[in-house]
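Enquirer: My structure is below; once you've seen it, I'll send some questions.
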Amino acid sequence: MAQRKSRTDRRIDLIEAARRAIIRHGIDGVQLSHVAEEAGLTSGAVLYHYPDLSELLVEAQHAGMERFYEQRLRQLATVTDPVRKLVMTIRSGLPTGPLDPDVRLLNELGGAAGRNRVYGVLLTSLYDRQVSMYQSILDTGAALGVFRLSGDSLSLARNLVALEDAYGYRITARHPVIGPDEAAELILSYARTATGNDLVA
């Protein structure tokens with residue numbers, strides 16, 4: 001006999017279903033019935049776990065953001081060399097390809113941020129945390145004498161995140177000559193100038 005899913009597991013399933021529904025229908029077009037269809041449940045069953053659809057959509061967006069901050073921090077915790085950290089961080093901030101679901105989700109969120117204050121706050125928070133992550137790597141490298149920064153670390157970190165965002169969008173928009181590898185090399189080119197280091201890792 002199949003074991004019934006716990007409430008926590010069911011909510012995780014619904015978050016994933018909401019992510020798929022947002023990608024398929026857009027953040028402004030997604031409806032309760034779309035989430036229910038993706039989850040293989042009735043609309044009533046979705047409402048049982050999430051009486052407010054907007055709460056579920058926000059949780060789905062937040063779950064998609066984890067990869068670009070929390071997961072990267074966990075990866076960086078295993079590395080001490082600032083050069084390796086910087087190269088890893090640049091490469092891990094880009095889409096895997098045009099259909100990368102996490103980045104497509106962020107693109108949807110970005111399009112709605114100007115109309116929805118909650119989405120705007122989520123995106124701003126992610127940006128600021130990513131900047132802080134880069135700034136910490138730059139400051140550590142400079143303190144160790146590994147990097148010779150071309151400017152203040154905050155400005156350089158902001159530029160690195162902005163380049164991630166810009167090239168990430170180009171990849172999901174299917175630019176004919178900019179894929180993940182090309183985008184990473186373009187960002188690394190800026191980072192080499194910014195750090196005075198060849199960034200061979």
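Going through the structure tokens in order, the chains are called A, B, and so on, while each chain numbers its residues from 1 and the ligands are numbered from 1 in the order shown.
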Using only C-alpha atoms, determine which residues lie at most 10 Å from Met133 of chain A, disregarding the query and same-chain residues fewer than 5 positions distant; provide the list as a VMD selection string.
Expert: chain A and resid 69 72 to 73 76 86 89 127 to 128 138 157 161
Enquirer: Hey, what does DSSP flag as helix (DSSP H, G or I) within segment 80-161 of chain A? Can you give it to me as number ranges by chain?
Expert: A: 82-92, 101-112, 117-143, 153-161
Enquirer: Go through A:Asp81, A:Arg4, A:Leu57, A:Asn107 one by one, measure the shortest atom-to-atom distance of each to Val30 of chain A using only C-alpha atoms, and give the residue with the smallest value.
Expert: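 Answer, going by the shortest atom-to-atom distance: A:Leu57.
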Enquirer: For a test of reading the model, state the distance in Å between atom CA of Asn116 of chain A and atom CA of Ile22 of chain A, rounded to one decimal.
Expert: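 Those two atoms sit 15.0 Å apart.
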Enquirer: Residues within 10 Å of Ala191 of chain A, please, as an MDAnalysis selection string. Count only C-alpha atoms; anything in the same chain fewer than 4 positions from it doesn't count.
Expert: chainID A and resid 86:87 90 138 149:150 156:157 159:160 185:187 195:199
